[in-house]
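**Q** Here you go, this is target-v1.txt (compact mmCIF, C-alpha atoms).
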# COMPACT_ATOMS: atom_id res chain seq x y z
CA MET A 1 17.21 -17.96 11.65
CA ASN A 2 18.29 -17.70 8.03
CA LYS A 3 17.34 -14.59 6.13
CA ILE A 4 14.79 -14.85 3.36
CA LYS A 5 16.41 -13.67 0.14
CA SER A 6 14.38 -15.39 -2.55
CA LEU A 7 11.02 -17.01 -3.18
CA ASP A 8 12.83 -20.37 -3.10
CA ASP A 9 14.07 -19.58 0.44
CA LEU A 10 10.53 -18.66 1.40
CA LYS A 11 9.11 -21.81 -0.16
CA LYS A 12 11.58 -24.00 1.74
CA MET A 13 10.88 -22.21 5.01
CA ARG A 14 7.14 -22.64 4.59
CA ALA A 15 7.55 -26.30 3.70
CA GLN A 16 9.64 -26.87 6.82
CA ALA A 17 7.33 -24.91 9.09
CA GLN A 18 4.20 -26.78 7.97
CA THR A 19 2.13 -24.03 9.49
CA GLY A 20 -0.93 -24.72 7.41
CA ILE A 21 -0.56 -21.43 5.58
CA ASN A 22 -1.21 -23.20 2.30
CA VAL A 23 -4.61 -24.27 3.46
CA ARG A 24 -5.53 -20.77 4.55
CA GLU A 25 -4.11 -19.17 1.44
CA LYS A 26 -6.36 -21.25 -0.77
CA SER A 27 -9.43 -19.89 0.98
CA ILE A 28 -10.81 -16.95 -0.91
CA ASP A 29 -13.81 -16.47 1.35
CA PRO A 30 -12.86 -13.46 3.47
CA ALA A 31 -16.28 -13.44 5.16
CA SER A 32 -15.18 -16.30 7.36
CA ARG A 33 -12.27 -14.28 8.76
CA VAL A 34 -11.84 -10.97 10.56
CA GLN A 35 -11.36 -8.24 7.97
CA VAL A 36 -9.45 -5.04 8.65
CA LYS A 37 -9.51 -2.35 5.95
CA VAL A 38 -7.23 0.64 6.37
CA ALA A 39 -8.19 3.84 4.50
CA MET A 40 -5.10 4.63 2.45
CA ALA A 41 -5.81 7.81 0.49
CA THR A 42 -3.66 10.95 0.73
CA CYS A 43 -5.39 12.08 3.94
CA GLY A 44 -4.90 8.70 5.57
CA ILE A 45 -1.29 8.25 4.50
CA ALA A 46 -0.38 11.76 5.69
CA SER A 47 -1.95 10.94 9.06
CA GLY A 48 -0.07 7.66 9.58
CA ALA A 49 -2.26 5.01 7.91
CA LYS A 50 0.75 3.10 6.59
CA GLU A 51 2.17 2.67 10.08
CA ILE A 52 -1.25 1.55 11.33
CA MET A 53 -1.54 -1.03 8.55
CA ASP A 54 2.01 -2.25 9.31
CA PHE A 55 0.98 -2.52 12.99
CA PHE A 56 -2.10 -4.62 12.23
CA ILE A 57 -0.22 -6.97 9.86
CA GLU A 58 2.59 -7.50 12.36
CA GLN A 59 0.59 -7.64 15.57
CA LEU A 60 -2.26 -9.84 14.29
CA ASP A 61 0.38 -12.34 13.18
CA ARG A 62 2.28 -12.17 16.48
CA ARG A 63 -0.94 -12.52 18.49
CA SER A 64 -2.10 -15.44 16.32
CA VAL A 65 -5.30 -13.72 15.23
CA GLU A 66 -6.40 -14.92 11.84
CA ALA A 67 -7.40 -11.82 9.91
CA VAL A 68 -7.19 -10.29 6.46
CA VAL A 69 -5.66 -6.82 6.41
CA THR A 70 -6.09 -4.76 3.25
CA GLN A 71 -6.11 -1.14 2.20
CA THR A 72 -9.08 0.76 0.89
CA GLY A 73 -9.68 4.24 -0.49
CA CYS A 74 -10.87 7.36 1.28
CA MET A 75 -14.04 6.66 3.26
CA GLY A 76 -14.83 10.37 3.48
CA TYR A 77 -13.79 10.76 7.13
CA CYS A 78 -10.68 12.84 6.40
CA TYR A 79 -11.10 14.68 9.71
CA ALA A 80 -10.62 11.42 11.62
CA GLU A 81 -7.72 9.77 9.79
CA PRO A 82 -6.31 7.22 10.14
CA THR A 83 -9.59 5.37 9.86
CA ILE A 84 -10.13 1.62 9.68
CA GLU A 85 -13.12 -0.60 9.07
CA VAL A 86 -13.27 -3.86 11.02
CA THR A 87 -15.67 -6.63 10.10
CA LEU A 88 -16.01 -9.58 12.45
CA PRO A 89 -17.39 -12.76 10.82
CA GLY A 90 -21.17 -12.55 10.54
CA GLN A 91 -21.36 -8.96 11.83
CA GLU A 92 -21.83 -5.49 10.36
CA PRO A 93 -18.63 -3.50 9.68
CA VAL A 94 -17.56 -0.97 12.32
CA VAL A 95 -15.47 2.09 11.40
CA PHE A 96 -12.95 3.45 13.90
CA GLY A 97 -11.37 6.89 13.54
CA ASP A 98 -8.22 8.58 14.87
CA VAL A 99 -6.54 5.19 15.10
CA ASP A 100 -3.06 5.41 16.58
CA LYS A 101 -1.06 2.40 17.78
CA LYS A 102 -2.61 2.59 21.26
CA ARG A 103 -6.15 2.48 19.84
CA ALA A 104 -5.12 -0.19 17.34
CA ASP A 105 -3.91 -2.30 20.25
CA GLN A 106 -7.27 -1.82 22.02
CA ILE A 107 -9.15 -2.73 18.85
CA ILE A 108 -7.22 -6.00 18.56
CA GLU A 109 -7.43 -6.94 22.24
CA MET A 110 -11.00 -5.83 22.93
CA TYR A 111 -13.05 -5.60 19.74
CA ILE A 112 -11.44 -8.25 17.53
CA LYS A 113 -10.73 -10.78 20.29
CA THR A 114 -13.83 -10.31 22.47
CA GLY A 115 -16.29 -8.20 20.47
CA GLU A 116 -16.26 -5.42 23.09
CA LEU A 117 -16.59 -1.96 21.54
CA VAL A 118 -13.88 0.65 22.14
CA ASP A 119 -13.62 4.44 21.73
CA GLY A 120 -13.35 6.05 18.33
CA ILE A 121 -16.31 4.52 16.49
CA ILE A 122 -17.67 6.63 13.65
CA PRO A 123 -21.48 6.20 13.62
CA VAL A 124 -22.94 4.62 10.50
CA ASN A 125 -25.40 7.50 10.11
CA TYR A 126 -22.57 10.05 9.79
CA ARG A 127 -22.52 11.78 6.43
CA THR A 128 -19.98 14.20 5.03
CA ILE A 129 -21.11 17.77 4.33
CA ASP A 130 -21.35 17.06 0.59
CA LYS A 131 -23.89 14.33 1.15
CA MET B 1 4.17 13.12 3.50
CA LYS B 2 7.67 12.74 4.88
CA GLU B 3 8.99 10.07 2.55
CA ILE B 4 8.89 9.38 -1.18
CA ALA B 5 7.49 5.96 -0.26
CA TYR B 6 4.32 7.64 1.04
CA HIS B 7 3.80 9.42 -2.28
CA ILE B 8 4.29 6.12 -4.14
CA LEU B 9 1.68 4.44 -1.94
CA ASP B 10 -0.69 7.32 -2.59
CA ILE B 11 -0.31 7.18 -6.39
CA LEU B 12 -0.63 3.38 -6.36
CA GLN B 13 -3.96 3.82 -4.60
CA ASN B 14 -5.15 5.74 -7.68
CA SER B 15 -4.30 2.71 -9.83
CA LEU B 16 -6.29 0.43 -7.53
CA ARG B 17 -9.25 2.81 -7.69
CA ALA B 18 -8.97 2.78 -11.48
CA GLU B 19 -9.60 -1.00 -11.30
CA ALA B 20 -6.33 -1.82 -13.04
CA GLY B 21 -5.58 -5.45 -13.90
CA ASP B 22 -1.84 -4.78 -14.06
CA ILE B 23 0.01 -2.25 -11.93
CA LYS B 24 3.74 -1.81 -12.46
CA LEU B 25 6.06 0.10 -10.13
CA THR B 26 9.62 0.74 -11.29
CA ILE B 27 12.16 2.58 -9.16
CA GLU B 28 15.58 3.48 -10.53
CA GLU B 29 18.22 4.90 -8.22
CA SER B 30 21.42 6.07 -9.85
CA GLN B 31 24.49 7.61 -8.28
CA ARG B 32 25.98 7.97 -11.77
CA SER B 33 23.16 10.10 -13.13
CA ASN B 34 22.42 11.55 -9.68
CA SER B 35 18.74 10.71 -9.96
CA ILE B 36 15.87 8.75 -8.55
CA ARG B 37 13.22 7.90 -11.13
CA ILE B 38 9.88 6.33 -10.34
CA CYS B 39 7.36 5.06 -12.84
CA ILE B 40 3.88 3.83 -11.94
CA GLU B 41 1.92 2.35 -14.84
CA ASP B 42 -1.52 0.80 -14.87
CA ASP B 43 -4.05 -0.47 -17.36
CA GLY B 44 -7.00 0.96 -15.47
CA LYS B 45 -9.80 3.28 -16.51
CA GLY B 46 -7.53 6.15 -17.52
CA MET B 47 -8.60 9.78 -17.70
CA GLU B 48 -10.36 12.10 -20.12
CA LYS B 49 -8.16 14.87 -21.61
CA GLU B 50 -10.00 17.53 -19.58
CA MET B 51 -9.23 15.69 -16.34
CA LEU B 52 -5.60 15.16 -17.35
CA LEU B 53 -5.14 18.90 -17.85
CA LYS B 54 -6.32 19.55 -14.28
CA VAL B 55 -4.62 16.61 -12.64
CA PHE B 56 -2.19 18.70 -10.58
CA ASP B 57 -4.92 21.03 -9.34
CA PRO B 58 -5.50 20.21 -5.65
CA TYR B 59 -9.18 21.11 -6.04
CA THR B 60 -9.68 18.43 -8.68
CA THR B 61 -10.65 14.85 -7.91
CA SER B 62 -12.76 12.07 -9.39
CA ARG B 63 -14.01 11.19 -5.91
CA THR B 64 -17.49 11.98 -4.71
CA SER B 65 -16.68 11.73 -0.97
CA ARG B 66 -14.72 14.99 -1.04
CA LYS B 67 -13.71 17.77 -3.42
CA ILE B 68 -9.99 17.89 -2.79
CA GLY B 69 -7.41 15.65 -4.45
CA MET B 70 -3.93 16.53 -3.27
CA GLY B 71 -1.91 13.41 -4.06
CA LEU B 72 -0.39 14.40 -7.40
CA SER B 73 -0.05 18.08 -6.49
CA LEU B 74 1.93 17.18 -3.34
CA LEU B 75 4.14 14.83 -5.35
CA LYS B 76 4.76 17.52 -7.98
CA TYR B 77 5.67 20.03 -5.28
CA GLN B 78 8.18 17.68 -3.65
CA ALA B 79 9.71 16.62 -6.97
CA GLU B 80 10.18 20.19 -8.18
CA LEU B 81 11.53 21.24 -4.78
CA SER B 82 14.36 18.77 -5.27
CA GLY B 83 15.23 19.57 -8.87
CA GLY B 84 12.92 17.03 -10.44
CA GLY B 85 9.47 16.87 -11.96
CA VAL B 86 6.41 14.80 -12.75
CA ASN B 87 4.82 13.72 -15.99
CA VAL B 88 1.40 12.08 -16.22
CA GLU B 89 0.10 10.38 -19.34
CA SER B 90 -3.31 8.83 -19.56
CA GLU B 91 -5.82 7.59 -22.08
CA LYS B 92 -9.43 6.87 -21.28
CA GLY B 93 -10.01 3.13 -21.20
CA LYS B 94 -6.33 2.27 -21.61
CA GLY B 95 -4.56 3.31 -18.45
CA THR B 96 -2.30 5.85 -16.83
CA SER B 97 1.42 6.26 -16.28
CA VAL B 98 3.01 8.58 -13.76
CA ASN B 99 6.71 9.35 -14.13
CA VAL B 100 8.49 11.28 -11.40
CA TRP B 101 12.14 12.09 -10.97
CA PHE B 102 14.25 13.65 -8.22
CA GLN B 103 17.81 14.97 -8.07
CA LYS B 104 19.35 12.36 -5.79
CA ASP B 105 21.79 14.58 -3.91
CA HIS B 106 19.48 17.59 -3.61
CA ILE B 107 19.36 18.88 -0.04
CA ASP B 108 15.55 19.13 -0.15
CA ARG B 109 14.95 15.64 -1.49
CA GLN B 110 12.87 13.51 0.82
CA PRO B 111 14.29 10.12 1.85
CA LEU B 112 13.12 7.17 -0.23
CA GLY B 113 11.66 5.64 2.93
CA ASP B 114 10.10 2.27 3.59
CA ILE B 115 9.70 0.93 0.06
CA ALA B 116 9.60 -2.69 1.31
CA GLY B 117 6.63 -1.75 3.50
CA VAL B 118 4.84 -0.09 0.59
CA VAL B 119 5.36 -3.11 -1.64
CA ARG B 120 4.07 -5.37 1.13
CA ILE B 121 0.89 -3.29 1.38
CA MET B 122 0.41 -3.57 -2.37
CA LEU B 123 0.99 -7.33 -2.30
CA ALA B 124 -1.68 -7.54 0.42
CA SER B 125 -4.06 -5.43 -1.65
CA GLY B 126 -3.44 -6.78 -5.09
CA ASN B 127 -5.53 -9.93 -5.12
CA ASN B 128 -7.69 -8.59 -7.91
CA CYS B 129 -4.75 -7.48 -10.03
CA ASN B 130 -1.14 -8.34 -10.78
CA PHE B 131 1.24 -5.97 -9.02
CA PHE B 132 4.73 -5.94 -10.47
CA TYR B 133 7.67 -4.22 -8.75
CA LYS B 134 11.15 -3.63 -10.14
CA HIS B 135 13.94 -1.78 -8.35
CA LYS B 136 17.17 -0.89 -10.16
CA THR B 137 20.43 0.60 -8.93
CA ASP B 138 23.74 1.18 -10.73
CA THR B 139 24.91 -2.27 -9.66
CA ALA B 140 21.92 -4.60 -9.81
CA GLU B 141 18.16 -4.96 -9.93
CA PHE B 142 15.41 -6.85 -8.15
CA GLU B 143 11.87 -7.65 -9.21
CA ILE B 144 8.86 -9.46 -7.79
CA SER B 145 5.17 -9.69 -8.61
CA THR B 146 1.98 -11.03 -7.10
CA ASP B 147 1.58 -13.55 -9.94
CA GLU B 148 5.16 -14.79 -9.42
CA ILE B 149 4.62 -15.21 -5.67
CA LYS B 150 1.33 -17.06 -6.13
CA ALA B 151 2.82 -19.37 -8.79
CA SER B 152 5.98 -20.02 -6.82
CA LEU B 153 4.24 -20.78 -3.54
CA GLY B 154 1.21 -22.49 -5.05
CA ILE B 155 -1.30 -20.14 -3.42
CA GLU B 156 -4.35 -18.33 -4.74
CA VAL B 157 -4.36 -15.26 -2.54
CA ILE B 158 -1.73 -13.32 -0.60
CA SER B 159 -3.40 -12.48 2.67
CA ASP B 160 -1.72 -14.43 5.46
CA ASN B 161 -0.04 -11.95 7.77
CA GLN B 162 2.92 -14.23 8.48
CA LEU B 163 3.53 -14.57 4.75
CA LEU B 164 3.31 -10.77 4.36
CA GLU B 165 5.92 -10.36 7.10
CA GLN B 166 8.19 -12.83 5.29
CA LEU B 167 7.69 -11.06 1.97
CA ARG B 168 8.63 -7.74 3.53
CA GLU B 169 11.86 -9.31 4.82
CA LEU B 170 12.55 -10.80 1.38
CA ILE B 171 12.14 -7.39 -0.29
CA TYR B 172 14.21 -5.62 2.38
CA GLU B 173 17.07 -8.12 2.08
CA ASN B 174 17.10 -7.70 -1.69
CA LEU B 175 17.13 -3.91 -1.39
CA ILE B 176 20.23 -4.27 0.79
CA SER B 177 21.86 -6.58 -1.73
CA ILE B 178 21.30 -4.21 -4.66
CA GLU B 179 22.65 -1.32 -2.53
CA SER B 180 19.46 0.69 -2.46
CA GLU B 181 19.10 3.73 -0.27
CA LEU B 182 16.99 2.40 2.58
CA ASN B 183 15.91 5.50 4.46
Could you write out this structure as structure tokens?
**A**
Amino acid sequence: MNKIKSLDDLKKMRAQAQTGINVREKSIDPASRVQVKVAMATCGIASGAKEIMDFFIEQLDRRSVEAVVTQTGCMGYCYAEPTIEVTLPGQEPVVFGDVDKKRADQIIEMYIKTGELVDGIIPVNYRTIDK
Amino acid sequence: MKEIAYHILDILQNSLRAEAGDIKLTIEESQRSNSIRICIEDDGKGMEKEMLLKVFDPYTTSRTSRKIGMGLSLLKYQAELSGGGVNVESEKGKGTSVNVWFQKDHIDRQPLGDIAGVVRIMLASGNNCNFFYKHKTDTAEFEISTDEIKASLGIEVISDNQLLEQLRELIYENLISIESELN
């Protein structure tokens, strides 16, 4: 496969692949898709949040799961970084803490694909000491 | 924070929190001047003078979720450890610029790290702003922005994970071609 060195290369590749990306990329309604937000403040980054975000971007693509992966700020759970918030379409967001690649894999295979809850959930009624 | 790339990601997060419309990251690597210079500029909320004076204090933050803000103090420590420094300028309502420089051949300088990965994360997160990235070396330079990508590909948002993978490869290949330090 040819390497992508410019936006023109990328444009040609996408035109040839006809993967329907254009259709998806025109949708700006994230509520209809799985949303994964990775907390990316100093505490998260120092704990490996970047690698976890890389993992979700790469693995969700390879496993053909349509999802939007973005970063967000500190959610206040510095003790449990890396933390992520996953929102399945039509459901309340769920926050997972201490997410390493093994837990991230479980979250994709069990929670995102089947809706089954996995370890590491931070309860919604948790409040930091300051609050 | 094992790589300079992590610090860049951390400071860029501040620009996102400041609700910037334009965020510009410029990295200049130079063998000739034996330096790595990084500039992050945004047109976000900016800071009051009192806040600017305390910006390197690890017990200062604008957040309400916690009372510690270590990002800039960690960056300052690493820059000064490797013969460099940090300068922050900010004006309330106009924006902030962070300039940091490192002595390139200093034994304590952290590796530049996965810059392509950091830019990818910003491209994935920058749908409410234009993120512009320029990387210069002694021989060449490379630049890309969210607006350019959207215009070139005829898309409204950058969120498809396959596209993000391809953009990371594009950035990585260009970093090789301009002879950037890649780790």
**Q** Closest to chain B among A:Asp119, A:Glu92, A:Glu51, A:Asp61, using only C-alpha atoms?
**A** A:Asp61
**Q** Mind checking which residues fall within 7 Å of Glu58 in chain A, counting only C-alpha atoms, ignoring those fewer than 3 positions away in the same chain, and posting them as a list in words?
**A**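 Answer for this query is Asp54, Phe55, Asp61 and Arg62 of chain A; Asn161 and Glu165 of chain B.
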**Q** With a distance threshold of 7 Å and counting all atoms listed in the file, extract the residues of chain A near chain B and express them as a ChimeraX atom specification.
**A** /A:4-7,11,22,25-26,28,41-42,45-46,57-58,61,68,70-71,76
**Q** Go ahead and compute the interatomic distance for CA of Ala18 in chain B and CA of Ser82 in chain B, in Å to one decimal.
**A**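 Taking CA of Ala18 in chain B as the start and CA of Ser82 in chain B as the end point, the length is 29.0 Å.
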**Q** Which distance in Å separates CA of Glu80 in chain B and CA of Pro82 in chain A, to one decimal?
**A**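 CA of Pro82 in chain A lies 27.9 Å from CA of Glu80 in chain B.
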**Q** Please, what distance in Å, to one decimal, runs between CA of Glu3 in chain B and CA of Val38 in chain A?
**A** 19.1 Å
**Q** Under the rule that all atoms listed in the file are counted, which of A:Ala104, A:Met75, A:Val65, A:Ala15 is the nearest residue to Met53 in chain A?
**A** A:Ala104
**Q** List every protein, DNA or RNA residue that has an atom no more than 12 Å from (7.0, 1.1, -11.0) in the file's coordinate frame, counting all atoms listed in the file, and report them as a ChimeraX atom specification.
**A** /B:5,8-9,11-12,15,22-28,36-42,96-100,115,118-119,122,131-136,142-145
**Q** Counting only C-alpha atoms, which of A:Ala67, A:Val34, A:Ala80, A:Val94 gets nearest to Gly48 in chain A?
**A** A:Ala80
**Q** For Val95 in chain A, which residue out of A:Tyr77, A:Glu66, A:Gln16, A:Lys3 is the nearest one, using all atoms listed in the file?
**A**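 Distance minimum relative to Val95 in chain A lands on A:Tyr77.
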**Q** Which of these residues is nearest to Val86 in chain A, using only C-alpha atoms: A:Ser47, A:Thr72, A:Asn2, A:Gln59?
**A**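 Residue with the minimum atom-to-atom distance to Val86 in chain A: A:Thr72.
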**Q** Nearest to Val36 in chain A among A:Leu88, A:Cys78, A:Val69, A:Val99, with distances taken over only C-alpha atoms: which residue is it?
**A** A:Val69
